[in-house]
Structure formats: C-alpha cells, structure tokens
file start.txt (compact mmCIF, C-alpha atoms)
# COMPACT_ATOMS: atom_id res chain seq x y z
CA MET A 1 157.76 128.39 114.35
CA ASN A 2 154.12 129.35 114.70
CA ALA A 3 151.98 127.11 116.84
CA ALA A 4 148.78 125.80 115.25
CA PRO A 5 145.69 127.32 116.84
CA ALA A 6 143.97 124.97 119.20
CA GLU A 7 140.56 123.71 118.11
CA PRO A 8 137.74 125.04 120.27
CA ILE A 9 136.42 122.50 122.74
CA GLU A 10 132.69 122.00 122.37
CA SER A 11 130.95 121.96 125.70
CA PRO A 12 128.20 119.35 126.06
CA GLU A 13 124.64 120.59 125.91
CA PRO A 14 123.26 121.08 129.40
CA ALA A 15 121.02 118.24 130.58
CA TRP A 16 118.21 120.64 131.46
CA ARG A 17 118.17 121.91 127.86
CA GLN A 18 117.94 118.34 126.49
CA ARG A 19 115.07 117.56 128.85
CA ALA A 20 113.22 120.75 127.89
CA VAL A 21 113.57 120.03 124.15
CA GLU A 22 112.47 116.40 124.55
CA ARG A 23 109.47 117.46 126.63
CA SER A 24 108.52 120.06 124.04
CA THR A 25 108.90 117.53 121.20
CA ARG A 26 106.74 114.96 123.01
CA ALA A 27 104.03 117.54 123.64
CA ALA A 28 104.02 118.66 120.00
CA LYS A 29 103.83 115.05 118.81
CA LEU A 30 100.92 114.33 121.13
CA ARG A 31 99.01 117.38 119.90
CA ALA A 32 99.62 116.36 116.27
CA GLU A 33 98.38 112.83 116.96
CA GLN A 34 95.24 114.20 118.59
CA ARG A 35 94.53 116.48 115.63
CA VAL A 36 95.04 113.62 113.17
CA GLN A 37 92.72 111.37 115.17
CA ARG A 38 90.01 114.02 115.15
CA PHE A 39 90.19 114.18 111.35
CA LEU A 40 90.02 110.37 111.14
CA ASP A 41 87.06 110.23 113.54
CA ALA A 42 85.25 112.91 111.53
CA ALA A 43 85.80 111.00 108.28
CA GLN A 44 84.55 107.76 109.86
CA GLU A 45 81.41 109.53 111.08
CA LEU A 46 80.76 110.91 107.60
CA ILE A 47 81.20 107.44 106.08
CA ALA A 48 78.75 106.01 108.61
CA ASP A 49 76.22 108.78 107.94
CA LYS A 50 76.44 108.67 104.15
CA GLY A 51 77.25 105.01 103.65
CA THR A 52 79.92 106.04 101.16
CA THR A 53 83.26 107.81 100.89
CA ASP A 54 81.66 110.54 98.77
CA PHE A 55 82.41 113.50 101.05
CA THR A 56 84.60 116.60 100.79
CA VAL A 57 87.63 117.71 102.74
CA GLN A 58 85.65 120.76 103.88
CA GLU A 59 83.02 118.49 105.43
CA VAL A 60 85.74 116.64 107.33
CA VAL A 61 87.23 119.91 108.55
CA GLU A 62 83.85 121.20 109.72
CA ARG A 63 82.95 117.93 111.42
CA SER A 64 86.32 117.83 113.22
CA ARG A 65 86.01 121.50 114.27
CA GLN A 66 89.53 122.20 113.06
CA SER A 67 91.00 124.36 110.32
CA LEU A 68 91.62 123.60 106.66
CA ARG A 69 95.21 124.70 107.17
CA SER A 70 95.62 122.13 109.93
CA PHE A 71 94.20 119.41 107.67
CA TYR A 72 96.75 120.06 104.94
CA GLN A 73 99.54 120.12 107.50
CA HIS A 74 98.83 116.44 108.13
CA PHE A 75 97.32 115.14 104.87
CA ASP A 76 98.15 115.74 101.24
CA GLY A 77 94.48 115.43 100.34
CA LYS A 78 91.36 113.32 100.69
CA HIS A 79 92.99 110.22 99.22
CA GLU A 80 95.68 110.29 101.90
CA LEU A 81 93.06 110.65 104.64
CA LEU A 82 91.14 107.64 103.30
CA LEU A 83 94.37 105.71 102.91
CA ALA A 84 95.08 106.35 106.60
CA LEU A 85 91.62 105.01 107.49
CA PHE A 86 92.16 102.00 105.23
CA GLU A 87 95.56 101.23 106.77
CA ASP A 88 94.18 101.63 110.29
CA ALA A 89 91.27 99.30 109.52
CA LEU A 90 93.58 96.64 108.09
CA SER A 91 95.92 96.89 111.07
CA LYS A 92 93.02 96.34 113.48
CA SER A 93 91.72 93.49 111.33
CA ALA A 94 95.15 91.82 111.39
CA ALA A 95 95.28 92.05 115.19
CA GLU A 96 91.79 90.58 115.53
CA ILE A 97 92.51 87.72 113.11
CA ARG A 98 95.77 86.93 114.90
CA GLU A 99 94.00 86.80 118.26
CA LYS A 100 91.10 84.60 117.13
CA SER A 101 93.26 82.28 115.03
CA ALA A 102 95.23 81.31 118.12
CA ALA A 103 92.32 79.02 119.06
CA GLY A 104 93.33 76.56 116.32
CA ARG A 105 94.93 73.35 117.55
CA ASP A 106 97.53 73.15 114.75
CA PRO A 107 99.01 75.46 112.08
CA LEU A 108 96.66 74.33 109.32
CA GLU A 109 93.56 74.90 111.43
CA ARG A 110 94.85 78.33 112.48
CA LEU A 111 95.29 79.15 108.81
CA ARG A 112 91.73 77.99 108.08
CA ILE A 113 90.36 80.21 110.84
CA ALA A 114 92.35 83.16 109.49
CA VAL A 115 91.03 82.60 105.95
CA ASP A 116 87.43 82.40 107.22
CA LEU A 117 87.83 85.61 109.24
CA LEU A 118 89.47 87.48 106.37
CA TYR A 119 86.70 86.35 104.00
CA ASP A 120 84.03 87.41 106.48
CA SER A 121 85.56 90.85 107.11
CA SER A 122 85.87 91.49 103.37
CA LYS A 123 82.35 90.40 102.43
CA PRO A 124 79.82 93.21 101.79
CA ARG A 125 76.63 92.75 103.82
CA GLU A 126 73.24 94.33 103.46
CA GLY A 127 72.75 96.86 106.23
CA ARG A 128 76.46 97.07 107.00
CA GLN A 129 78.36 99.85 105.30
CA SER A 130 81.97 99.03 104.54
CA PRO A 131 83.02 101.34 101.68
CA LEU A 132 86.66 101.16 102.73
CA PHE A 133 86.62 97.52 101.70
CA THR A 134 84.53 97.92 98.55
CA ASP A 135 84.46 101.02 96.36
CA PHE A 136 87.42 102.83 97.91
CA ALA A 137 89.58 99.70 98.12
CA VAL A 138 89.16 99.14 94.39
CA GLN A 139 89.93 102.80 93.64
CA LEU A 140 93.09 102.62 95.72
CA LEU A 141 94.29 99.49 93.95
CA VAL A 142 94.21 101.40 90.69
CA SER A 143 95.46 104.82 91.83
CA HIS A 144 97.84 103.97 94.69
CA PRO A 145 98.92 100.30 94.43
CA ASP A 146 102.15 100.80 96.40
CA GLN A 147 100.33 102.35 99.36
CA VAL A 148 97.75 99.57 99.30
CA ALA A 149 100.53 96.98 99.40
CA THR A 150 102.07 98.75 102.40
CA ALA A 151 98.71 98.83 104.18
CA HIS A 152 98.38 95.06 103.80
CA LEU A 153 101.82 94.30 105.29
CA PRO A 154 100.57 93.45 108.83
CA LEU A 155 98.10 90.92 107.40
CA LEU A 156 100.63 89.54 104.95
CA ALA A 157 103.21 89.08 107.69
CA PHE A 158 100.75 87.10 109.80
CA PHE A 159 99.56 84.87 106.96
CA THR A 160 103.19 84.23 106.02
CA GLU A 161 103.84 83.08 109.59
CA LEU A 162 100.90 80.67 109.39
CA VAL A 163 102.06 79.20 106.07
CA GLU A 164 105.61 78.79 107.38
CA GLU A 165 104.32 77.05 110.50
CA ALA A 166 102.22 74.68 108.38
CA VAL A 167 105.25 73.86 106.24
CA GLU A 168 107.45 73.23 109.28
CA ALA A 169 104.77 70.94 110.72
CA GLY A 170 104.70 68.93 107.48
CA GLN A 171 101.12 69.96 106.76
CA ALA A 172 101.81 72.01 103.65
CA VAL A 173 104.23 72.52 100.78
CA ALA A 174 105.10 76.13 99.94
CA PRO A 175 108.54 76.87 98.43
CA LYS A 176 107.76 80.60 98.71
CA PRO A 177 105.64 81.08 101.88
CA ARG A 178 105.26 84.85 101.45
CA ARG A 179 103.95 84.56 97.88
CA THR A 180 101.72 81.67 98.90
CA ALA A 181 100.33 83.78 101.77
CA SER A 182 99.68 86.65 99.35
CA LEU A 183 97.77 84.34 96.99
CA ILE A 184 95.67 82.98 99.86
CA MET A 185 94.83 86.49 101.07
CA GLN A 186 93.88 87.76 97.63
CA THR A 187 91.74 84.69 96.98
CA ALA A 188 89.80 85.21 100.22
CA MET A 189 89.39 88.99 99.93
CA PHE A 190 88.51 89.32 96.25
CA THR A 191 86.25 86.28 96.19
CA ALA A 192 84.33 87.70 99.16
CA ARG A 193 83.80 90.99 97.32
CA ALA A 194 82.98 89.45 93.94
CA PRO A 195 79.35 89.27 92.77
CA ALA A 196 77.64 85.90 92.88
CA ALA A 197 78.57 83.60 90.02
CA PRO A 198 75.56 82.50 87.93
CA VAL A 199 74.87 78.76 88.18
CA GLY A 200 71.82 77.73 86.19
CA ALA A 201 69.02 80.22 86.72
CA HIS A 202 70.16 81.40 90.16
CA PRO A 203 73.33 83.22 91.26
CA SER A 204 75.47 81.10 93.56
CA PRO A 205 77.93 83.01 95.78
CA ILE A 206 81.26 81.31 96.50
CA SER A 207 81.39 80.42 100.19
CA ALA A 208 84.22 80.72 102.67
CA GLU A 209 84.38 76.91 102.81
CA GLU A 210 84.93 76.74 99.05
CA VAL A 211 87.67 79.35 99.28
CA TRP A 212 89.41 77.35 102.01
CA ASP A 213 89.11 74.08 100.07
CA PHE A 214 90.69 75.80 97.07
CA CYS A 215 93.56 77.21 99.16
CA LEU A 216 94.03 73.92 100.99
CA GLY A 217 94.35 72.05 97.72
CA GLY A 218 96.94 74.54 96.56
CA ILE A 219 99.26 74.08 99.53
CA THR A 220 98.66 70.42 100.37
CA GLY A 221 97.13 68.66 97.39
CA ALA A 222 94.30 67.54 99.70
CA GLY A 223 90.70 67.15 98.58
CA PRO A 224 87.64 68.92 100.04
CA THR A 225 87.51 69.17 103.80
CA THR A 226 84.78 67.88 106.08
CA GLY A 227 84.28 71.14 107.94
CA THR A 228 87.30 71.55 110.17
CA GLY A 229 89.80 71.93 107.38
CA THR A 230 92.23 69.55 109.09
CA LYS A 231 90.66 66.09 109.10
CA LYS A 232 91.62 65.44 105.48
CA ALA A 233 94.95 67.20 105.59
CA THR A 234 96.87 63.91 105.58
CA PRO A 235 97.47 64.10 101.79
CA GLY A 236 99.20 67.40 102.41
CA ARG A 237 101.55 65.83 104.91
CA ALA A 238 102.19 62.98 102.49
CA ALA A 239 102.91 65.44 99.69
CA ALA A 240 105.36 67.32 101.88
CA LYS A 241 107.16 64.11 102.83
CA LYS A 242 107.15 62.92 99.22
CA THR A 243 108.70 66.19 98.07
CA THR A 244 111.38 65.95 100.77
CA THR A 245 112.13 62.35 99.81
CA LYS A 246 112.44 63.26 96.13
CA LYS A 247 114.85 66.08 96.95
CA ALA A 248 116.95 63.78 99.11
CA ALA A 249 117.03 61.13 96.37
CA ALA A 250 118.03 63.71 93.81
CA LYS A 251 120.89 64.89 96.02
CA LYS A 252 122.13 61.29 96.48
CA THR A 253 121.99 60.65 92.73
CA SER A 254 123.90 63.85 92.05
CA ALA A 255 126.52 62.92 94.65
CA LYS A 256 126.97 59.46 93.09
CA LYS A 257 127.40 60.95 89.61
CA THR A 258 130.00 63.37 90.93
CA THR A 259 131.93 60.58 92.66
CA THR A 260 131.83 58.39 89.52
CA ALA A 261 133.07 61.24 87.37
CA LYS A 262 135.99 61.84 89.71
CA THR A 263 137.05 58.18 89.70
call {"tool": "encode", "arguments": {"input": "start.txt", "output": "structure tokens"}}
result
Amino acid sequence: MNAAPAEPIESPEPAWRQRAVERSTRAAKLRAEQRVQRFLDAAQELIADKGTTDFTVQEVVERSRQSLRSFYQHFDGKHELLLALFEDALSKSAAEIREKSAAGRDPLERLRIAVDLLYDSSKPREGRQSPLFTDFAVQLLVSHPDQVATAHLPLLAFFTELVEEAVEAGQAVAPKPRRTASLIMQTAMFTARAPAAPVGAHPSPISAEEVWDFCLGGITGAGPTTGTGTKKATPGRAAAKKTTTKKAAAKKTSAKKTTTAKT
C-alpha cells in the first residue's frame, strides 16, 4: 500500500521580514498622506486667492510643486479633490460644534448652540470667501449626492446624539432621532444659504433664532423662545410625558381587550 505524500510544512515568516514590510508600508503611507495634503493645501490657497473653486487641476499641480501623474494617483479628478476638501471642512466643523456645544447646561440648550453654530458656519458673509459651502456644495448635491451624504456623517452623528439626549431627558419627542437630526441640520444649513425673503419693500433674512424656534417647535411643540432656547421648553417636556402616558394607556386598553376576549 502506497503511503500518501506528507503535506509540506509551511515555515512561519521570519519576524525581521514582517517588521521590514510593516516599516516600509508605514513609510509609503506617510509619503502618500504628505503628497495628498500638499494637493489639498494648494487647492485651498487657490480658493483663497480666487474666491471661487474655478481653477484647473494643472494649477493645483503647479502650486503644489508635484507632478500631474502623482495627482491622478490620488484623485480621480478635480471633483474628487474638492470633495476631499469639503469632507475635511465638515469634519473640522463637526469637531468645533461638538466642543462648543458642551457648554450647554442641558441637552436642549446644547442642541440650540449646535444649531446656531451650524447656521453661522453655513451663512455666506461679505468679505469671507466660503465657496465650499455655497457654489460647490450645491453642485455636489446634484452631481454626487451619495458622497455629500457621507461627508455629512460626522455632523449627523453628533446632532443625532443631541436629539437622543433631549428625548431621554424628556425635553423633546422624536420617534426617529436620526431623521429628526437630519431635518434640523438641513433647515439650519439651507436657510443660512438662502437669499433674503422679501417682506414688504425690504428683504428680510431669516435669523438663526427663527430657525431654532422652528426646530424647537417641531421636536417639543413649544412656542417661541426668549433667547436661551430652554426657558420655554416646558411644553416640550409636557408633550413628551403626554405621549408616554397615551402609549401606556393604549397598552393597558389592549391588554384588557385581550383578557376579555380570552374569558
């Protein structure tokens, strides 16, 4: 009877080889990150100089002092470069809003602070160029909606946390906190960018306070605030308690009907 050939035993890769490969990989990653950052810095400088995103890839390459080949190794084109800038800006904005909102004494006030900050960062100002949040943002919404949604995830996650905290504290009612957070964000951002609404003979821009009052009414049923956004939040708490009471009563009624049917 022939014996089956023994399977070859694979010897483990030497530790020195693993270390060498890891070191080489880390070095290559660092160089790639540095090249990408130089392209991003060059694009930001061009935006600052021109006050618009109307520049060419060649201008970015020349400003970064790198090659066109290197650019296309990291970006599919100009839209992807601008998308990277847009995502980076939103990530930094989310971190700043999270930090400053922590000063609020309760969830609803922290949410108010976050709405005010988001409105302020989205509002175009004379003398301050912010094309990533005006012309290019609108272009992206039309051409690359999925990427725009991904770029907003850090902000959306934070606003969802704030809405959930307000609900848990009995200050708000939001059956779907994530969708509610998305509605609040879109209200603040798009209202800030919208042109002034005509009232009578003079245009009247919608203020951050009006945006907050609108959002507050949506999640609490409360009327206009007195400035802090929390002094008149009692109706919201009452609405939350009322909703909870109604649900509990409905459950009891259902249980009674079930028991009666069984007997």
call {"tool": "atom_distance", "arguments": {"input": "start.txt", "atom1": "CA of Ala192 in chain A", "atom2": "CA of Tyr119 in chain A"}}
result
5.6 Å
call {"tool": "residues_around", "arguments": {"input": "start.txt", "residues": "range 105-118 of chain A", "least_positions_apart": "2", "cutoff": "7 Å", "atoms": "only C-alpha atoms", "output": "number ranges by chain"}}
result
A: 97, 101-103, 120-122, 162, 165-166, 171, 188-189, 208, 212, 229-230
call {"tool": "write_last_selection", "arguments": {"input": "start.txt", "atoms": "C-alpha atoms", "output": "PDB file, in the frame of the given file"}}
result
ATOM      1  CA  ILE A  97      92.510  87.720 113.110  1.00  0.00           C
ATOM      2  CA  SER A 101      93.260  82.280 115.030  1.00  0.00           C
ATOM      3  CA  ALA A 102      95.230  81.310 118.120  1.00  0.00           C
ATOM      4  CA  ALA A 103      92.320  79.020 119.060  1.00  0.00           C
ATOM      5  CA  ASP A 120      84.030  87.410 106.480  1.00  0.00           C
ATOM      6  CA  SER A 121      85.560  90.850 107.110  1.00  0.00           C
ATOM      7  CA  SER A 122      85.870  91.490 103.370  1.00  0.00           C
ATOM      8  CA  LEU A 162     100.900  80.670 109.390  1.00  0.00           C
ATOM      9  CA  GLU A 165     104.320  77.050 110.500  1.00  0.00           C
ATOM     10  CA  ALA A 166     102.220  74.680 108.380  1.00  0.00           C
ATOM     11  CA  GLN A 171     101.120  69.960 106.760  1.00  0.00           C
ATOM     12  CA  ALA A 188      89.800  85.210 100.220  1.00  0.00           C
ATOM     13  CA  MET A 189      89.390  88.990  99.930  1.00  0.00           C
ATOM     14  CA  ALA A 208      84.220  80.720 102.670  1.00  0.00           C
ATOM     15  CA  TRP A 212      89.410  77.350 102.010  1.00  0.00           C
ATOM     16  CA  GLY A 229      89.800  71.930 107.380  1.00  0.00           C
ATOM     17  CA  THR A 230      92.230  69.550 109.090  1.00  0.00           C
TER      18      THR A 230
END
call {"tool": "atom_distance", "arguments": {"input": "start.txt", "atom1": "CA of Lys92 in chain A", "atom2": "CA of Gln44 in chain A"}}
result
14.7 Å
call {"tool": "residues_around", "arguments": {"input": "start.txt", "residues": "His79 in chain A", "least_positions_apart": "2", "cutoff": "10 Å", "atoms": "all atoms listed in the file", "output": "list in words"}}
result
Val57, Phe75, Asp76, Gly77, Leu81, Leu82, Leu83, Ala84, Leu85, Phe136, Gln139, Leu140, Ser143 and His144 of chain A
call {"tool": "closest_residue", "arguments": {"input": "start.txt", "among": "A:Glu168, A:Gln34, A:Lys78, A:Pro14", "to": "Asp54 in chain A", "atoms": "only C-alpha atoms"}}
result
A:Lys78
call {"tool": "residues_near_point", "arguments": {"input": "start.txt", "point": "(103.8, 76.1, 100.6)", "cutoff": "8 Å", "atoms": "all atoms listed in the file", "output": "list of chain:residue names"}}
result
A:Val163, A:Glu164, A:Val167, A:Ala172, A:Val173, A:Ala174, A:Pro175, A:Lys176, A:Pro177, A:Thr180, A:Ile219, A:Thr220
call {"tool": "atom_distance", "arguments": {"input": "start.txt", "atom1": "CA of Val21 in chain A", "atom2": "CA of Leu40 in chain A"}}
result
28.6 Å
call {"tool": "closest_residue", "arguments": {"input": "start.txt", "among": "A:Ala42, A:Val142, A:Leu68, A:Ala94", "to": "Phe158 in chain A", "atoms": "all atoms listed in the file"}}
result
A:Ala94
call {"tool": "build_atoms", "arguments": {"input": "start.txt", "residues": "range 20-31 of chain A", "atoms": "all heavy atoms", "output": "compact mmCIF listing (two decimals), in the coordinates of the input"}}
result
# COMPACT_ATOMS: atom_id res chain seq x y z
N ALA A 20 114.24 119.78 128.31
CA ALA A 20 113.22 120.75 127.89
C ALA A 20 112.84 120.51 126.42
O ALA A 20 111.65 120.55 126.06
CB ALA A 20 113.74 122.17 128.08
N VAL A 21 113.84 120.26 125.56
CA VAL A 21 113.57 120.03 124.15
C VAL A 21 112.78 118.74 123.96
O VAL A 21 111.82 118.69 123.19
CB VAL A 21 114.89 119.97 123.35
CG1 VAL A 21 114.63 119.50 121.91
CG2 VAL A 21 115.57 121.34 123.34
N GLU A 22 113.17 117.68 124.66
CA GLU A 22 112.47 116.40 124.55
C GLU A 22 111.02 116.52 125.01
O GLU A 22 110.11 115.98 124.39
CB GLU A 22 113.20 115.33 125.38
CG GLU A 22 114.54 114.91 124.78
CD GLU A 22 115.28 113.96 125.70
OE1 GLU A 22 114.74 113.63 126.78
OE2 GLU A 22 116.40 113.55 125.34
N ARG A 23 110.83 117.28 126.11
CA ARG A 23 109.47 117.46 126.63
C ARG A 23 108.62 118.24 125.62
O ARG A 23 107.46 117.92 125.38
CB ARG A 23 109.52 118.20 127.97
CG ARG A 23 108.17 118.25 128.69
CD ARG A 23 108.29 118.93 130.04
NE ARG A 23 109.13 118.17 130.95
CZ ARG A 23 110.34 118.58 131.37
NH1 ARG A 23 110.84 119.72 130.95
NH2 ARG A 23 111.04 117.83 132.20
N SER A 24 109.23 119.26 125.03
CA SER A 24 108.52 120.06 124.04
C SER A 24 108.18 119.23 122.80
O SER A 24 107.07 119.33 122.26
CB SER A 24 109.38 121.26 123.64
OG SER A 24 108.76 122.00 122.61
N THR A 25 109.11 118.38 122.38
CA THR A 25 108.90 117.53 121.20
C THR A 25 107.78 116.53 121.45
O THR A 25 106.92 116.29 120.60
CB THR A 25 110.19 116.79 120.83
OG1 THR A 25 111.23 117.74 120.57
CG2 THR A 25 109.98 115.93 119.59
N ARG A 26 107.80 115.92 122.66
CA ARG A 26 106.74 114.96 123.01
C ARG A 26 105.38 115.62 123.02
O ARG A 26 104.39 115.05 122.54
CB ARG A 26 107.04 114.33 124.37
CG ARG A 26 108.16 113.31 124.36
CD ARG A 26 108.10 112.44 125.62
NE ARG A 26 108.17 113.23 126.83
CZ ARG A 26 109.30 113.56 127.46
NH1 ARG A 26 110.46 113.15 126.96
NH2 ARG A 26 109.27 114.27 128.57
N ALA A 27 105.31 116.83 123.57
CA ALA A 27 104.03 117.54 123.64
C ALA A 27 103.52 117.88 122.25
O ALA A 27 102.32 117.73 121.96
CB ALA A 27 104.19 118.81 124.47
N ALA A 28 104.42 118.32 121.36
CA ALA A 28 104.02 118.66 120.00
C ALA A 28 103.55 117.42 119.25
O ALA A 28 102.56 117.47 118.49
CB ALA A 28 105.19 119.31 119.25
N LYS A 29 104.23 116.30 119.45
CA LYS A 29 103.83 115.05 118.81
C LYS A 29 102.45 114.59 119.28
O LYS A 29 101.63 114.15 118.48
CB LYS A 29 104.87 113.96 119.10
CG LYS A 29 104.57 112.64 118.43
CD LYS A 29 105.63 111.61 118.77
CE LYS A 29 105.29 110.26 118.13
NZ LYS A 29 106.28 109.22 118.48
N LEU A 30 102.21 114.73 120.58
CA LEU A 30 100.92 114.33 121.13
C LEU A 30 99.80 115.19 120.55
O LEU A 30 98.74 114.67 120.18
CB LEU A 30 100.94 114.44 122.65
CG LEU A 30 99.64 114.09 123.38
CD1 LEU A 30 99.26 112.65 123.09
CD2 LEU A 30 99.78 114.32 124.88
N ARG A 31 100.03 116.49 120.46
CA ARG A 31 99.01 117.38 119.90
C ARG A 31 98.73 117.03 118.43
O ARG A 31 97.58 117.04 117.99
CB ARG A 31 99.46 118.85 120.03
CG ARG A 31 99.41 119.39 121.45
CD ARG A 31 99.53 120.91 121.44
NE ARG A 31 100.81 121.33 120.90
CZ ARG A 31 101.92 121.51 121.63
NH1 ARG A 31 101.89 121.28 122.94
NH2 ARG A 31 103.05 121.90 121.07
